[in-house]
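Encoded as structure tokens, the structure appears first; notes follow it.
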Amino acid sequence: MRNLNGNKSKFVYQVKGLNLWYGDKQVLKDINMKVLENEITAIIGPSGCGKSTFVKTLNRMTDNIPIVRTEGEILYNSQDIFNSEMKVEELRTKVGMVFQKPNPFPKSIFENVVYGPKIHGIKSKKTLMEIAEQSLRGAALWEEVKDRLSDNAYGLSGGQQQRLCIARTMAVSPEVILMDEPTASLDPVATMKIEELMEDLKKEYTIIIVTHNMQQAARISDKTAFFLSGELIEFDKTNKVFGNPADKRTEDYITGRFG
């Protein structure tokens with residue numbers, strides 16, 4: 001398997017026998033899947049099926065919930081993320097997260113983007129400016145905001161705020177970007193811009209996106225995983241999942257019979 005550069009593709013994630021409980025309730029059941037670098041993987045399924053929980057487990061955001069218990073392995077670049085030697089801060093730097101609702105900080109556009117690099121000790125104004133421009137260009141936002149970098153980020157539209165959050169994620173040079181329904185609160189035009197952006201971003205990043213939007217999953221993803229009641233029912237190339245699903249439950253869901 002080769003990536004865009006002609007080099008052999010690698011598995012960024014290998015999930016093996018993952019089980020997760022919230023207290024006594026099992027939310028994920030024996031999940032096994034592998035995610036290739038420089039691909040967009042869509043996670044689909046009805047509400048409450050474990051999609052968001054699964055994605056948040058990939059950078060251990062579920063650690064923030066005291067009643068969570070996990071079993072199994074998640075290998076990120078061949079390292080088990082649950083291993084005691086894994087530094088969670090480093091993992092979350094390499095595996096960024098973009099949420100359903102844009103969540104810019106109550107700061108300037110510029111300060112939003114350079115927040116992470118500053119935390120990592122970068123003080124040079126010239127370097128921070130270069131990071132800001134590069135990240136905003138990468139998020140297809142630079143031309144829209146380059147003359148108002150000192151303005152409060154809350155003055156941006158919803159779609160611009162979401163692209164700003166993507167720029168903020170990119171500013172710390174991640175390898176993976178997790179997106180939990182990033183266009184759910186956006187209008188169709190803003191949604192289209194984010195989708196076009198994702199197509200561009202996968203040249204440099206691996207993207208895993210939770211979406212309720214079947215058309216979106218079909219449009220933008222290379223692979224699709226269908227979750228139902230905490231189980232991974234089907235995981236394959238997107239055109240196969242949508243065109244010729246192996247499981248009747250997948251077909252029933254994507255044709256709108258339930259969910």
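Labeling convention for the structure tokens: chains A, B, ... as they appear, residues from 1 per chain, ligands from 1 in order of appearance.
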
- Which polymer residues have any atom within 8 Å of an atom of stretch 181-191 of chain A, counting only C-alpha atoms, with same-chain residues fewer than 6 positions away left out, as an NGL selection string? :A and (98-102 or 158-160 or 162 or 209-212)

- Task: Please give the complete set of residues from stretch 36-259 of chain A that DSSP, run on the backbone, assigns to strand (DSSP E or B), formatted as a ChimeraX atom specification.
- Result: /A:36,40-44,68-76,79-80,95-98,108,152,176-180,206-210,223-228,231-237

Just the selected residues (N, CA and C atoms), exported as a short mmCIF file (atom, residue, chain, number, x, y, z; two decimals), in the first residue's frame, please.
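Saved the output as out07.cif:
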```cif
data_model
loop_
_atom_site.label_atom_id
_atom_site.label_comp_id
_atom_site.auth_asym_id
_atom_site.auth_seq_id
_atom_site.Cartn_x
_atom_site.Cartn_y
_atom_site.Cartn_z
N LEU A 36 -5.18 3.94 8.34
CA LEU A 36 -4.01 4.27 7.55
C LEU A 36 -3.72 5.76 7.57
N ILE A 40 -8.91 9.81 5.13
CA ILE A 40 -10.03 10.30 5.93
C ILE A 40 -10.90 9.10 6.26
N THR A 41 -11.04 8.84 7.54
CA THR A 41 -11.90 7.75 8.01
C THR A 41 -13.15 8.36 8.63
N ALA A 42 -14.31 8.00 8.09
CA ALA A 42 -15.59 8.50 8.63
C ALA A 42 -16.16 7.47 9.60
N ILE A 43 -16.65 7.96 10.74
CA ILE A 43 -17.34 7.10 11.72
C ILE A 43 -18.81 7.47 11.68
N ILE A 44 -19.65 6.52 11.26
CA ILE A 44 -21.09 6.79 11.16
C ILE A 44 -21.87 5.85 12.07
N VAL A 68 -14.90 6.05 33.75
CA VAL A 68 -14.55 5.29 32.54
C VAL A 68 -13.54 4.19 32.87
N ARG A 69 -13.79 3.03 32.27
CA ARG A 69 -12.85 1.91 32.38
C ARG A 69 -12.67 1.32 31.00
N THR A 70 -11.43 1.01 30.62
CA THR A 70 -11.18 0.44 29.29
C THR A 70 -10.40 -0.87 29.39
N GLU A 71 -10.61 -1.70 28.38
CA GLU A 71 -9.81 -2.91 28.20
C GLU A 71 -9.40 -2.97 26.74
N GLY A 72 -8.30 -3.66 26.45
CA GLY A 72 -7.83 -3.78 25.08
C GLY A 72 -6.69 -2.82 24.80
N GLU A 73 -6.30 -2.74 23.54
CA GLU A 73 -5.16 -1.93 23.14
C GLU A 73 -5.54 -0.93 22.06
N ILE A 74 -4.95 0.26 22.15
CA ILE A 74 -4.96 1.19 21.03
C ILE A 74 -3.50 1.53 20.76
N LEU A 75 -2.98 1.05 19.63
CA LEU A 75 -1.60 1.34 19.26
C LEU A 75 -1.58 2.57 18.36
N TYR A 76 -0.85 3.58 18.78
CA TYR A 76 -0.64 4.78 17.97
C TYR A 76 0.82 4.78 17.56
N GLN A 79 2.75 2.27 19.46
CA GLN A 79 2.85 2.40 20.92
C GLN A 79 1.47 2.36 21.55
N ASP A 80 1.31 1.57 22.61
CA ASP A 80 0.02 1.47 23.28
C ASP A 80 -0.25 2.76 24.05
N VAL A 95 -2.19 14.22 18.34
CA VAL A 95 -3.54 13.85 17.91
C VAL A 95 -4.49 14.97 18.37
N GLY A 96 -4.72 15.93 17.46
CA GLY A 96 -5.55 17.09 17.78
C GLY A 96 -7.03 16.80 17.67
N MET A 97 -7.85 17.69 18.22
CA MET A 97 -9.30 17.47 18.24
C MET A 97 -10.05 18.74 17.85
N VAL A 98 -11.02 18.57 16.97
CA VAL A 98 -11.92 19.67 16.59
C VAL A 98 -13.33 19.22 16.94
N SER A 108 -7.78 37.22 20.76
CA SER A 108 -7.66 37.64 19.36
C SER A 108 -7.50 36.42 18.46
N ASN A 152 -11.06 40.19 18.09
CA ASN A 152 -11.53 39.06 18.89
C ASN A 152 -12.10 37.98 17.98
N VAL A 176 -2.39 13.60 13.46
CA VAL A 176 -3.78 13.16 13.29
C VAL A 176 -4.70 14.29 13.75
N ILE A 177 -5.80 14.49 13.02
CA ILE A 177 -6.83 15.44 13.45
C ILE A 177 -8.14 14.67 13.61
N LEU A 178 -8.64 14.63 14.83
CA LEU A 178 -9.94 14.03 15.12
C LEU A 178 -11.00 15.11 15.00
N MET A 179 -12.12 14.80 14.36
CA MET A 179 -13.19 15.78 14.19
C MET A 179 -14.51 15.15 14.62
N ASP A 180 -15.14 15.75 15.62
CA ASP A 180 -16.40 15.22 16.12
C ASP A 180 -17.55 16.07 15.58
N THR A 206 -3.65 12.68 8.96
CA THR A 206 -4.64 11.61 8.98
C THR A 206 -5.87 12.18 9.68
N ILE A 207 -7.05 12.01 9.09
CA ILE A 207 -8.26 12.62 9.64
C ILE A 207 -9.28 11.54 9.97
N ILE A 208 -9.82 11.61 11.17
CA ILE A 208 -10.90 10.71 11.58
C ILE A 208 -12.07 11.59 11.97
N ILE A 209 -13.19 11.42 11.27
CA ILE A 209 -14.32 12.32 11.46
C ILE A 209 -15.59 11.55 11.83
N VAL A 210 -16.22 11.98 12.90
CA VAL A 210 -17.56 11.49 13.26
C VAL A 210 -18.57 12.36 12.52
N LYS A 223 -12.36 5.65 3.94
CA LYS A 223 -12.91 4.47 4.60
C LYS A 223 -14.06 4.92 5.51
N THR A 224 -14.99 4.01 5.73
CA THR A 224 -16.12 4.30 6.62
C THR A 224 -16.30 3.16 7.61
N ALA A 225 -16.51 3.55 8.88
CA ALA A 225 -16.79 2.58 9.94
C ALA A 225 -18.21 2.81 10.42
N PHE A 226 -19.02 1.76 10.42
CA PHE A 226 -20.41 1.87 10.89
C PHE A 226 -20.52 1.24 12.28
N PHE A 227 -20.88 2.09 13.24
CA PHE A 227 -21.06 1.66 14.62
C PHE A 227 -22.55 1.51 14.93
N LEU A 228 -22.88 0.50 15.74
CA LEU A 228 -24.27 0.30 16.18
C LEU A 228 -24.23 -0.32 17.57
N GLU A 231 -20.95 -1.50 18.92
CA GLU A 231 -20.19 -2.47 18.14
C GLU A 231 -19.80 -1.88 16.79
N LEU A 232 -18.64 -2.30 16.29
CA LEU A 232 -18.23 -1.94 14.93
C LEU A 232 -18.81 -3.00 14.00
N ILE A 233 -19.86 -2.62 13.28
CA ILE A 233 -20.57 -3.58 12.42
C ILE A 233 -19.82 -3.81 11.12
N GLU A 234 -19.30 -2.72 10.55
CA GLU A 234 -18.64 -2.84 9.25
C GLU A 234 -17.60 -1.73 9.11
N PHE A 235 -16.46 -2.08 8.51
CA PHE A 235 -15.39 -1.11 8.27
C PHE A 235 -14.71 -1.48 6.97
N ASP A 236 -14.81 -0.58 5.99
CA ASP A 236 -14.27 -0.91 4.67
C ASP A 236 -14.11 0.38 3.87
N LYS A 237 -13.66 0.23 2.63
CA LYS A 237 -13.60 1.39 1.74
C LYS A 237 -15.00 1.98 1.62
#
```

- Item | Atom pair atom CA of A:Val241 / atom CA of A:Gly50: separation (Å) |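 Interatomic distance here is 18.8 Å.
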
- Rank nothing, just name the residue among A:Gln14, A:Thr169, A:Gln216, A:Asn19 nearest to A:Met33, using only C-alpha atoms. A:Gln14

- Message: Taking 2 positions as the minimum chain separation for residues in the same chain, which residues sit within 8 Å of A:Ala218 when counting only C-alpha atoms? Answer as a list in words.
- Response: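 Result of the neighbour search: Met214, Gln215, Gln216, Ile220, Ser221, Thr238, Asn239 and Phe242 of chain A.
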
Just N, CA and C atoms for this one: save the residues we selected as a short mmCIF file (atom, residue, chain, number, x, y, z; two decimals), in the first residue's frame.
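Once written, again.cif looks like this:
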```
data_model
loop_
_atom_site.label_atom_id
_atom_site.label_comp_id
_atom_site.auth_asym_id
_atom_site.auth_seq_id
_atom_site.Cartn_x
_atom_site.Cartn_y
_atom_site.Cartn_z
N MET A 214 -24.77 11.23 6.09
CA MET A 214 -24.37 10.14 5.20
C MET A 214 -23.71 10.65 3.93
N GLN A 215 -24.31 11.71 3.35
CA GLN A 215 -23.76 12.27 2.11
C GLN A 215 -22.34 12.79 2.33
N GLN A 216 -22.12 13.40 3.49
CA GLN A 216 -20.79 13.91 3.81
C GLN A 216 -19.78 12.77 3.89
N ILE A 220 -16.47 12.60 1.31
CA ILE A 220 -15.11 13.00 1.70
C ILE A 220 -14.22 11.88 2.20
N SER A 221 -14.77 10.73 2.59
CA SER A 221 -13.93 9.75 3.29
C SER A 221 -13.40 8.66 2.36
N THR A 238 -15.05 3.33 1.59
CA THR A 238 -16.34 4.03 1.62
C THR A 238 -17.25 3.62 0.47
N ASN A 239 -16.68 3.50 -0.74
CA ASN A 239 -17.55 3.13 -1.87
C ASN A 239 -18.13 1.72 -1.71
N PHE A 242 -21.00 2.02 1.14
CA PHE A 242 -22.22 2.67 0.64
C PHE A 242 -22.81 1.98 -0.60
#
```

- Task: Rounded to one decimal place, report the atom CA of A:Val12-atom CA of A:Ile166 distance in Å.
- Result: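 Computing the Euclidean distance for atom CA of A:Val12 and atom CA of A:Ile166 yields 19.9 Å.
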
- Query: Can you list, as a list in words, every protein, DNA or RNA residue that comes within 12 Å of A:Asp147 when you count only C-alpha atoms, leaving out same-chain residues fewer than 5 positions away?
  - Reply: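 Listed by chain and then number, they are Ile109, Phe110, Glu133, Leu141 and Trp142 of chain A.
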
- Item | All residues 9 Å or closer to A:Asn112, only C-alpha atoms, same chain fewer than 6 positions away omitted, as a ChimeraX atom specification | /A:104-106,153,164-165,167-168

As a PDB file with N, CA and C atoms, in the first residue's frame, please: every residue in stretch 196-244 of chain A that DSSP puts in helix (DSSP H, G or I).
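Generated file (selection.pdb):
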```pdb
ATOM      1  N   GLU A 196     -13.997  20.799   1.698  1.00  0.00           N
ATOM      2  CA  GLU A 196     -12.910  21.039   0.742  1.00  0.00           C
ATOM      3  C   GLU A 196     -11.568  21.111   1.470  1.00  0.00           C
ATOM      4  N   LEU A 197     -11.598  21.726   2.647  1.00  0.00           N
ATOM      5  CA  LEU A 197     -10.389  21.849   3.461  1.00  0.00           C
ATOM      6  C   LEU A 197      -9.878  20.467   3.880  1.00  0.00           C
ATOM      7  N   MET A 198     -10.799  19.592   4.294  1.00  0.00           N
ATOM      8  CA  MET A 198     -10.395  18.250   4.728  1.00  0.00           C
ATOM      9  C   MET A 198      -9.712  17.491   3.604  1.00  0.00           C
ATOM     10  N   GLU A 199     -10.242  17.616   2.400  1.00  0.00           N
ATOM     11  CA  GLU A 199      -9.634  16.958   1.235  1.00  0.00           C
ATOM     12  C   GLU A 199      -8.178  17.404   1.075  1.00  0.00           C
ATOM     13  N   ASP A 200      -7.952  18.683   1.318  1.00  0.00           N
ATOM     14  CA  ASP A 200      -6.608  19.242   1.194  1.00  0.00           C
ATOM     15  C   ASP A 200      -5.713  18.789   2.359  1.00  0.00           C
ATOM     16  N   LEU A 201      -6.297  18.785   3.561  1.00  0.00           N
ATOM     17  CA  LEU A 201      -5.519  18.470   4.767  1.00  0.00           C
ATOM     18  C   LEU A 201      -5.004  17.040   4.786  1.00  0.00           C
ATOM     19  N   MET A 214     -24.769  11.231   6.085  1.00  0.00           N
ATOM     20  CA  MET A 214     -24.366  10.135   5.199  1.00  0.00           C
ATOM     21  C   MET A 214     -23.706  10.652   3.928  1.00  0.00           C
ATOM     22  N   GLN A 215     -24.306  11.711   3.354  1.00  0.00           N
ATOM     23  CA  GLN A 215     -23.759  12.273   2.112  1.00  0.00           C
ATOM     24  C   GLN A 215     -22.340  12.788   2.334  1.00  0.00           C
ATOM     25  N   GLN A 216     -22.124  13.404   3.494  1.00  0.00           N
ATOM     26  CA  GLN A 216     -20.789  13.910   3.811  1.00  0.00           C
ATOM     27  C   GLN A 216     -19.782  12.771   3.892  1.00  0.00           C
ATOM     28  N   ALA A 217     -20.136  11.709   4.594  1.00  0.00           N
ATOM     29  CA  ALA A 217     -19.239  10.550   4.708  1.00  0.00           C
ATOM     30  C   ALA A 217     -18.913   9.998   3.325  1.00  0.00           C
ATOM     31  N   ALA A 218     -19.930   9.874   2.473  1.00  0.00           N
ATOM     32  CA  ALA A 218     -19.728   9.327   1.126  1.00  0.00           C
ATOM     33  C   ALA A 218     -18.846  10.251   0.280  1.00  0.00           C
ATOM     34  N   ARG A 219     -19.003  11.570   0.493  1.00  0.00           N
ATOM     35  CA  ARG A 219     -18.254  12.542  -0.319  1.00  0.00           C
ATOM     36  C   ARG A 219     -16.777  12.590   0.026  1.00  0.00           C
ATOM     37  N   ILE A 220     -16.471  12.600   1.307  1.00  0.00           N
ATOM     38  CA  ILE A 220     -15.112  12.999   1.699  1.00  0.00           C
ATOM     39  C   ILE A 220     -14.215  11.883   2.198  1.00  0.00           C
ATOM     40  N   THR A 238     -15.048   3.328   1.591  1.00  0.00           N
ATOM     41  CA  THR A 238     -16.336   4.027   1.622  1.00  0.00           C
ATOM     42  C   THR A 238     -17.245   3.617   0.466  1.00  0.00           C
ATOM     43  N   ASN A 239     -16.679   3.498  -0.736  1.00  0.00           N
ATOM     44  CA  ASN A 239     -17.546   3.129  -1.868  1.00  0.00           C
ATOM     45  C   ASN A 239     -18.127   1.725  -1.709  1.00  0.00           C
ATOM     46  N   LYS A 240     -17.406   0.862  -1.003  1.00  0.00           N
ATOM     47  CA  LYS A 240     -17.930  -0.491  -0.729  1.00  0.00           C
ATOM     48  C   LYS A 240     -19.033  -0.439   0.324  1.00  0.00           C
ATOM     49  N   VAL A 241     -18.806   0.314   1.402  1.00  0.00           N
ATOM     50  CA  VAL A 241     -19.801   0.395   2.482  1.00  0.00           C
ATOM     51  C   VAL A 241     -21.113   0.987   1.972  1.00  0.00           C
ATOM     52  N   PHE A 242     -21.001   2.016   1.136  1.00  0.00           N
ATOM     53  CA  PHE A 242     -22.220   2.666   0.644  1.00  0.00           C
ATOM     54  C   PHE A 242     -22.806   1.975  -0.597  1.00  0.00           C
ATOM     55  N   GLY A 243     -21.932   1.356  -1.397  1.00  0.00           N
ATOM     56  CA  GLY A 243     -22.412   0.759  -2.645  1.00  0.00           C
ATOM     57  C   GLY A 243     -22.795  -0.697  -2.525  1.00  0.00           C
TER      58      GLY A 243
END
```
